[in-house]
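S.K.: Can you keep this structure in mind? I'll have questions shortly.
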2 protein chains.
Amino acid sequence: MSKQEFDVKHKIIVSAKKLFSELGYDGTSVRKICDEAGVSLPLVSYHFGGKENVFLAILEQLSKLPYFPETGDPKLDLQNYLEVYISFYRQERELSQIIRQELAMNSARSDKIISFIQATTDKLKGILENGRDKGVFKFESTSNNVRFILGCLTMTFSKSEVLEILIGQTDSSNYPIEKEVFDFIYKAIRS
Amino acid sequence: MSKQEFDVKHKIIVSAKKLFSELGYDGTSVRKICDEAGVSLPLVSYHFGGKENVFLAILEQLSKLPYFPETGDPKLDLQNYLEVYISFYRQERELSQIIRQELAMNSARSDKIISFIQATTDKLKGILENGRDKGVFKFESTSNNVRFILGCLTMTFSKSEVLEILIGQTDSSNYPIEKEVFDFIYKAIRS
DNA sequence: GTCTATACAGGGATAGAC
DNA sequence: GTCTATCCCTGTATAGAC
């Protein structure tokens, strides 16, 4: 792949990612992507073979989801888990927005997303169950609590202006939301 | 409005609601709505003046959001709040799914949704702040904690098959999720 | 009030020149 | 490898018959 070819593919990816996150998959046309990227329409088909594949190429970035070793200490593992993944998604605002949209839509593309994030979710499940076995955590249903935690995290990443109108700006800027979401979750599940 | 006219409008609304919740606004065409409803294409324009207005007519059902009196007791008010609104959204699965999608999309239609649910969110905010003032609840930022709670609730209502694949089925069916989400939230914010 | 037929804009993908 | 021009499909909305 030549330097120039790389540039075009890269420009398309960057523009598509921006537009998908703002307008959703259906709301983003190939024409808009190409206008944003400053390239002509057929280049999407030429380089990627269609809109769908541009989307999949963006999802590939999920394979860079960070890994961290587990210590076996439930509180510490939970803390690490939240820290690592929150910082990943905070750096990847557009990507997290796209995932949020697609999962909310139950779209056909969701299956692909799941295959990327399944391991992450399973890890959280493992941490919760380990904590419960050791008597550090206390809750009824693991999968329900995974749901709740993912719900909290989703809201934490979300860059939605709509939510800011609805809920209001964060009021204590000196206390970071990363810390507060851990407080919330840890208190919620500890014994 | 004649009986027959009511029936057609009603059929369109019911079909549109189902399809919007499954396919999203952009993914739902007027043709699909009419096929589902068993009526001809122009009737949407005739009765509603367009697809957008069908959507708004569905949102009108949000004005039936239940009201409940506040007692001033933070724990009780929180419990009532969660109970009332969870049961509303559990009865209105399709509607809650639509709201979830639209808010995730930051769509142009979100403003309308906000105007319906703003009061509900403000009420939750009030309950949290009252609880903190009385020393029953303990947290840093009200708006952050409203975010977390709404995140938990969103995941609780969500009928997404995708999430079931990702997280797994609820494992303890005898302990209702309505009860568990209260446990989770209450533990998270109490002193 | 409801239908069939159609207009017209916009979608994705491609043919063919360069 | 990249462009212009175009194809064909599907989207919404409407004209006009009944």
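Each chain of the structure tokens is named A, B, ... in the order shown, its residues numbered from 1; ligands are numbered from 1 in display order.
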Using only C-alpha atoms, determine which residues of chain A fall within 8 Å of chain B; present them as number ranges by chain.
M.R.: A: 22-24, 26-27, 97, 100-101, 103-107, 110-111, 114, 118, 121-122, 140-156, 160-163, 166-172, 175, 177, 180-181, 183-189
S.K.: Got a sec: who's within 10 Å of Ala37 in chain B, counting only C-alpha atoms (C1' of nucleotides), leaving out chain neighbours fewer than 4 positions off, as a list in words?
M.R.: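 Residues meeting the cut-off are Val8, Lys9, His10, Lys11, Ile12, Ile13, Val14, Ser15, Ala16, Arg31, Lys32 and Ile33 of chain B.
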S.K.: Generate a file of the selected residues that holds N, CA, C and O atoms, formatted as a PDB file, in the first residue's frame.
M.R.:
```pdb
ATOM      1  N   VAL B   8     -57.562   3.587  11.504  1.00  0.00           N
ATOM      2  CA  VAL B   8     -56.408   3.683  10.616  1.00  0.00           C
ATOM      3  C   VAL B   8     -55.264   4.401  11.317  1.00  0.00           C
ATOM      4  O   VAL B   8     -54.120   3.929  11.318  1.00  0.00           O
ATOM      5  N   LYS B   9     -55.567   5.543  11.912  1.00  0.00           N
ATOM      6  CA  LYS B   9     -54.516   6.280  12.620  1.00  0.00           C
ATOM      7  C   LYS B   9     -53.905   5.406  13.705  1.00  0.00           C
ATOM      8  O   LYS B   9     -52.689   5.379  13.896  1.00  0.00           O
ATOM      9  N   HIS B  10     -54.772   4.703  14.399  1.00  0.00           N
ATOM     10  CA  HIS B  10     -54.301   3.851  15.482  1.00  0.00           C
ATOM     11  C   HIS B  10     -53.404   2.736  14.956  1.00  0.00           C
ATOM     12  O   HIS B  10     -52.331   2.472  15.512  1.00  0.00           O
ATOM     13  N   LYS B  11     -53.827   2.108  13.868  1.00  0.00           N
ATOM     14  CA  LYS B  11     -53.027   1.028  13.296  1.00  0.00           C
ATOM     15  C   LYS B  11     -51.654   1.532  12.856  1.00  0.00           C
ATOM     16  O   LYS B  11     -50.640   0.849  13.038  1.00  0.00           O
ATOM     17  N   ILE B  12     -51.638   2.719  12.279  1.00  0.00           N
ATOM     18  CA  ILE B  12     -50.366   3.299  11.839  1.00  0.00           C
ATOM     19  C   ILE B  12     -49.444   3.546  13.034  1.00  0.00           C
ATOM     20  O   ILE B  12     -48.260   3.201  13.015  1.00  0.00           O
ATOM     21  N   ILE B  13     -50.018   4.126  14.071  1.00  0.00           N
ATOM     22  CA  ILE B  13     -49.233   4.400  15.278  1.00  0.00           C
ATOM     23  C   ILE B  13     -48.634   3.115  15.855  1.00  0.00           C
ATOM     24  O   ILE B  13     -47.438   3.049  16.164  1.00  0.00           O
ATOM     25  N   VAL B  14     -49.472   2.104  15.981  1.00  0.00           N
ATOM     26  CA  VAL B  14     -49.023   0.844  16.585  1.00  0.00           C
ATOM     27  C   VAL B  14     -47.897   0.217  15.761  1.00  0.00           C
ATOM     28  O   VAL B  14     -46.866  -0.212  16.293  1.00  0.00           O
ATOM     29  N   SER B  15     -48.095   0.204  14.442  1.00  0.00           N
ATOM     30  CA  SER B  15     -47.084  -0.402  13.573  1.00  0.00           C
ATOM     31  C   SER B  15     -45.788   0.403  13.582  1.00  0.00           C
ATOM     32  O   SER B  15     -44.688  -0.159  13.639  1.00  0.00           O
ATOM     33  N   ALA B  16     -45.942   1.704  13.523  1.00  0.00           N
ATOM     34  CA  ALA B  16     -44.757   2.576  13.498  1.00  0.00           C
ATOM     35  C   ALA B  16     -43.957   2.414  14.789  1.00  0.00           C
ATOM     36  O   ALA B  16     -42.726   2.324  14.759  1.00  0.00           O
ATOM     37  N   ARG B  31     -43.065   3.004   3.899  1.00  0.00           N
ATOM     38  CA  ARG B  31     -43.593   1.794   3.245  1.00  0.00           C
ATOM     39  C   ARG B  31     -43.710   0.631   4.231  1.00  0.00           C
ATOM     40  O   ARG B  31     -44.726  -0.051   4.281  1.00  0.00           O
ATOM     41  N   LYS B  32     -42.653   0.431   5.002  1.00  0.00           N
ATOM     42  CA  LYS B  32     -42.696  -0.656   5.984  1.00  0.00           C
ATOM     43  C   LYS B  32     -43.818  -0.441   6.991  1.00  0.00           C
ATOM     44  O   LYS B  32     -44.518  -1.387   7.372  1.00  0.00           O
ATOM     45  N   ILE B  33     -43.971   0.782   7.433  1.00  0.00           N
ATOM     46  CA  ILE B  33     -45.035   1.077   8.403  1.00  0.00           C
ATOM     47  C   ILE B  33     -46.395   0.700   7.821  1.00  0.00           C
ATOM     48  O   ILE B  33     -47.205   0.038   8.467  1.00  0.00           O
TER      49      ILE B  33
END
```
S.K.: Please identify all polymer residues within 10 Å of range 3-11 of chain D, counting only C-alpha atoms (C1' of nucleotides), omitting same-chain residues fewer than 4 positions from it, and present them as a compact mmCIF listing (two decimals) with N, CA, C and O atoms (P, O5', C5', C4', C3', O3' and C1' of nucleotides), in the first residue's frame.
M.R.:
```
# COMPACT_ATOMS: atom_id res chain seq x y z
N VAL A 39 -12.44 13.73 -0.82
CA VAL A 39 -12.11 12.80 -1.91
C VAL A 39 -13.39 12.50 -2.70
O VAL A 39 -14.48 12.84 -2.27
N SER A 40 -13.22 11.86 -3.83
CA SER A 40 -14.39 11.63 -4.66
C SER A 40 -15.12 10.34 -4.28
O SER A 40 -14.54 9.43 -3.68
N LEU A 41 -16.37 10.32 -4.67
CA LEU A 41 -17.30 9.27 -4.24
C LEU A 41 -16.83 7.83 -4.46
O LEU A 41 -16.95 7.00 -3.55
N PRO A 42 -16.27 7.50 -5.64
CA PRO A 42 -16.01 6.07 -5.87
C PRO A 42 -14.87 5.51 -5.03
O PRO A 42 -14.69 4.29 -5.00
N LEU A 43 -14.14 6.37 -4.37
CA LEU A 43 -12.97 5.87 -3.65
C LEU A 43 -13.34 4.99 -2.46
O LEU A 43 -12.55 4.13 -2.05
N SER B 29 -38.99 2.74 7.13
CA SER B 29 -39.56 3.52 6.03
C SER B 29 -41.07 3.59 6.18
O SER B 29 -41.69 2.74 6.83
N VAL B 30 -41.64 4.61 5.57
CA VAL B 30 -43.09 4.74 5.59
C VAL B 30 -43.73 3.53 4.92
O VAL B 30 -44.78 3.05 5.35
N ARG B 31 -43.07 3.00 3.90
CA ARG B 31 -43.59 1.79 3.25
C ARG B 31 -43.71 0.63 4.23
O ARG B 31 -44.73 -0.05 4.28
P DA C 9 -36.15 16.99 -7.46
O5' DA C 9 -35.34 16.74 -6.12
C5' DA C 9 -36.03 16.81 -4.86
C4' DA C 9 -35.45 15.79 -3.91
C3' DA C 9 -33.92 15.76 -3.89
O3' DA C 9 -33.48 15.82 -2.55
C1' DA C 9 -34.78 13.57 -4.24
P DG C 10 -31.94 16.09 -2.22
O5' DG C 10 -31.44 14.63 -1.82
C5' DG C 10 -31.94 14.01 -0.64
C4' DG C 10 -31.52 12.56 -0.69
C3' DG C 10 -30.01 12.38 -0.86
O3' DG C 10 -29.46 11.94 0.38
C1' DG C 10 -31.28 10.91 -2.29
P DG C 11 -28.01 11.40 0.48
O5' DG C 11 -28.23 9.86 0.16
C5' DG C 11 -28.63 8.98 1.21
C4' DG C 11 -28.69 7.57 0.70
C3' DG C 11 -27.36 7.01 0.22
O3' DG C 11 -26.70 6.39 1.28
C1' DG C 11 -29.09 6.55 -1.36
P DG C 12 -25.16 6.07 1.11
O5' DG C 12 -25.20 4.87 0.06
C5' DG C 12 -25.68 3.61 0.48
C4' DG C 12 -25.41 2.59 -0.60
C3' DG C 12 -23.93 2.32 -0.86
O3' DG C 12 -23.70 0.93 -0.96
C1' DG C 12 -24.97 3.10 -2.86
P DA C 13 -22.24 0.36 -1.25
O5' DA C 13 -22.20 0.25 -2.84
C5' DA C 13 -23.21 -0.50 -3.50
C4' DA C 13 -23.01 -0.41 -5.00
C3' DA C 13 -21.58 -0.72 -5.46
O3' DA C 13 -21.65 -1.70 -6.49
C1' DA C 13 -22.34 1.31 -6.42
P DT C 14 -20.31 -2.30 -7.12
O5' DT C 14 -20.23 -1.55 -8.52
C5' DT C 14 -21.39 -1.53 -9.35
C4' DT C 14 -21.09 -0.76 -10.62
C3' DT C 14 -19.72 -1.02 -11.25
O3' DT C 14 -19.93 -1.07 -12.66
C1' DT C 14 -20.01 1.26 -10.98
P DA C 15 -18.97 -1.96 -13.59
O5' DA C 15 -19.16 -1.23 -14.99
C5' DA C 15 -20.27 -0.34 -15.20
C4' DA C 15 -19.99 0.60 -16.37
C3' DA C 15 -18.80 0.23 -17.24
O3' DA C 15 -19.07 0.73 -18.56
C1' DA C 15 -18.33 2.26 -16.09
P DG C 16 -18.11 0.39 -19.75
O5' DG C 16 -17.22 1.71 -19.84
C5' DG C 16 -17.86 2.99 -19.86
C4' DG C 16 -16.80 4.07 -19.81
C3' DG C 16 -15.50 3.71 -20.53
O3' DG C 16 -14.97 4.90 -21.11
C1' DG C 16 -15.02 4.25 -18.33
P DA C 17 -13.76 4.87 -22.12
O5' DA C 17 -13.14 6.32 -21.98
C5' DA C 17 -14.01 7.46 -21.88
C4' DA C 17 -13.31 8.55 -21.07
C3' DA C 17 -11.88 8.85 -21.53
O3' DA C 17 -11.66 10.26 -21.52
C1' DA C 17 -11.87 8.21 -19.24
P DC C 18 -10.31 10.81 -22.12
O5' DC C 18 -9.30 10.84 -20.90
C5' DC C 18 -9.35 11.93 -19.96
C4' DC C 18 -8.40 11.61 -18.83
C3' DC C 18 -6.93 11.49 -19.24
O3' DC C 18 -6.27 12.72 -18.97
C1' DC C 18 -7.58 9.90 -17.55
```
S.K.: Given a cut-off of 9 Å, which residues of chain D touch chain B, counting only C-alpha atoms (C1' of nucleotides), written out as a VMD selection string?
M.R.: chain D and resid 11 to 14
S.K.: Given the selection you just returned, output its residues as a file containing C-alpha atoms (C1' of nucleotides), formatted as a PDB file, in the first residue's frame.
M.R.:
```pdb
ATOM      1  C1'  DG D  11     -36.938   6.947   0.225  1.00  0.00           C
ATOM      2  C1'  DT D  12     -41.068  10.443   0.957  1.00  0.00           C
ATOM      3  C1'  DA D  13     -44.755  12.855  -0.749  1.00  0.00           C
ATOM      4  C1'  DT D  14     -48.514  13.830  -3.909  1.00  0.00           C
TER       5       DT D  14
END
```
S.K.: Please identify every residue of chain C that has at least one atom no more than 8 Å from any atom of chain B, counting only C-alpha atoms (C1' of nucleotides), and report them as a list in words.
M.R.: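 Taken together, these residues fit the definition: DG1, DT2 and DC3 of chain C.
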S.K.: Let me see the file: selected residues, N, CA and C atoms (P, O5', C5', C4', C3', O3' and C1' of nucleotides), as a short mmCIF file (atom, residue, chain, number, x, y, z; two decimals), in the first residue's frame.
M.R.:
```cif
data_model
loop_
_atom_site.label_atom_id
_atom_site.label_comp_id
_atom_site.auth_asym_id
_atom_site.auth_seq_id
_atom_site.Cartn_x
_atom_site.Cartn_y
_atom_site.Cartn_z
P DG C 1 -62.32 11.89 7.00
"O5'" DG C 1 -62.27 10.79 5.76
"C5'" DG C 1 -62.61 9.61 6.19
"C4'" DG C 1 -62.14 8.48 5.32
"C3'" DG C 1 -60.66 8.10 5.51
"O3'" DG C 1 -60.71 6.69 5.59
"C1'" DG C 1 -61.09 8.46 3.22
P DT C 2 -59.49 5.77 5.91
"O5'" DT C 2 -58.99 5.19 4.52
"C5'" DT C 2 -59.83 4.27 3.81
"C4'" DT C 2 -59.35 4.15 2.39
"C3'" DT C 2 -57.87 3.81 2.23
"O3'" DT C 2 -57.74 2.41 1.99
"C1'" DT C 2 -58.67 5.34 0.57
P DC C 3 -56.30 1.80 1.66
"O5'" DC C 3 -56.14 1.96 0.08
"C5'" DC C 3 -56.76 1.01 -0.78
"C4'" DC C 3 -56.80 1.56 -2.19
"C3'" DC C 3 -55.48 1.51 -2.94
"O3'" DC C 3 -55.37 0.27 -3.63
"C1'" DC C 3 -56.60 3.61 -3.28
#
```
S.K.: Could you name the residues that touch Asn130 in chain B at 12 Å or less, counting only C-alpha atoms (C1' of nucleotides), but leaving out those on the same chain fewer than 4 positions away, as a JSON list (two decimals) with C-alpha atoms, in the first residue's frame?
M.R.:
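File produced: result_4.json:
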```json
[["chain", "number", "residue", "atom", "x", "y", "z"],
["B", 70, "GLU", "CA", -43.10, 13.07, 47.38],
["B", 71, "THR", "CA", -42.99, 12.25, 51.07],
["B", 72, "GLY", "CA", -39.75, 14.06, 51.90],
["B", 73, "ASP", "CA", -38.18, 10.81, 53.09],
["B", 74, "PRO", "CA", -35.25, 10.31, 50.69],
["B", 75, "LYS", "CA", -35.12, 6.52, 50.72],
["B", 76, "LEU", "CA", -38.86, 6.17, 50.31],
["B", 77, "ASP", "CA", -39.00, 8.80, 47.59],
["B", 78, "LEU", "CA", -36.19, 7.10, 45.70],
["B", 123, "LYS", "CA", -37.48, 15.12, 40.20],
["B", 124, "LEU", "CA", -34.73, 12.54, 40.59],
["B", 125, "LYS", "CA", -32.23, 15.34, 41.03],
["B", 126, "GLY", "CA", -34.41, 16.83, 43.74],
["B", 134, "LYS", "CA", -30.51, 15.32, 55.23],
["B", 135, "GLY", "CA", -27.37, 13.24, 55.47],
["B", 136, "VAL", "CA", -29.04, 10.10, 54.18],
["B", 137, "PHE", "CA", -27.23, 10.09, 50.84],
["B", 138, "LYS", "CA", -23.58, 10.77, 50.19],
["B", 142, "THR", "CA", -25.52, 15.40, 41.69]]
```
S.K.: One decimal, in Å: what's the spacing between CA of Gly131 in chain A and CA of Tyr81 in chain A?
M.R.: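 About the pair CA of Gly131 in chain A and CA of Tyr81 in chain A: they are 13.5 Å apart.
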S.K.: Based on the backbone DSSP call, show me all residues of range 42-122 of chain B assigned alpha helix (DSSP H), as a ChimeraX atom specification.
M.R.: /B:42-48,51-59,74-91,93-105,110-122
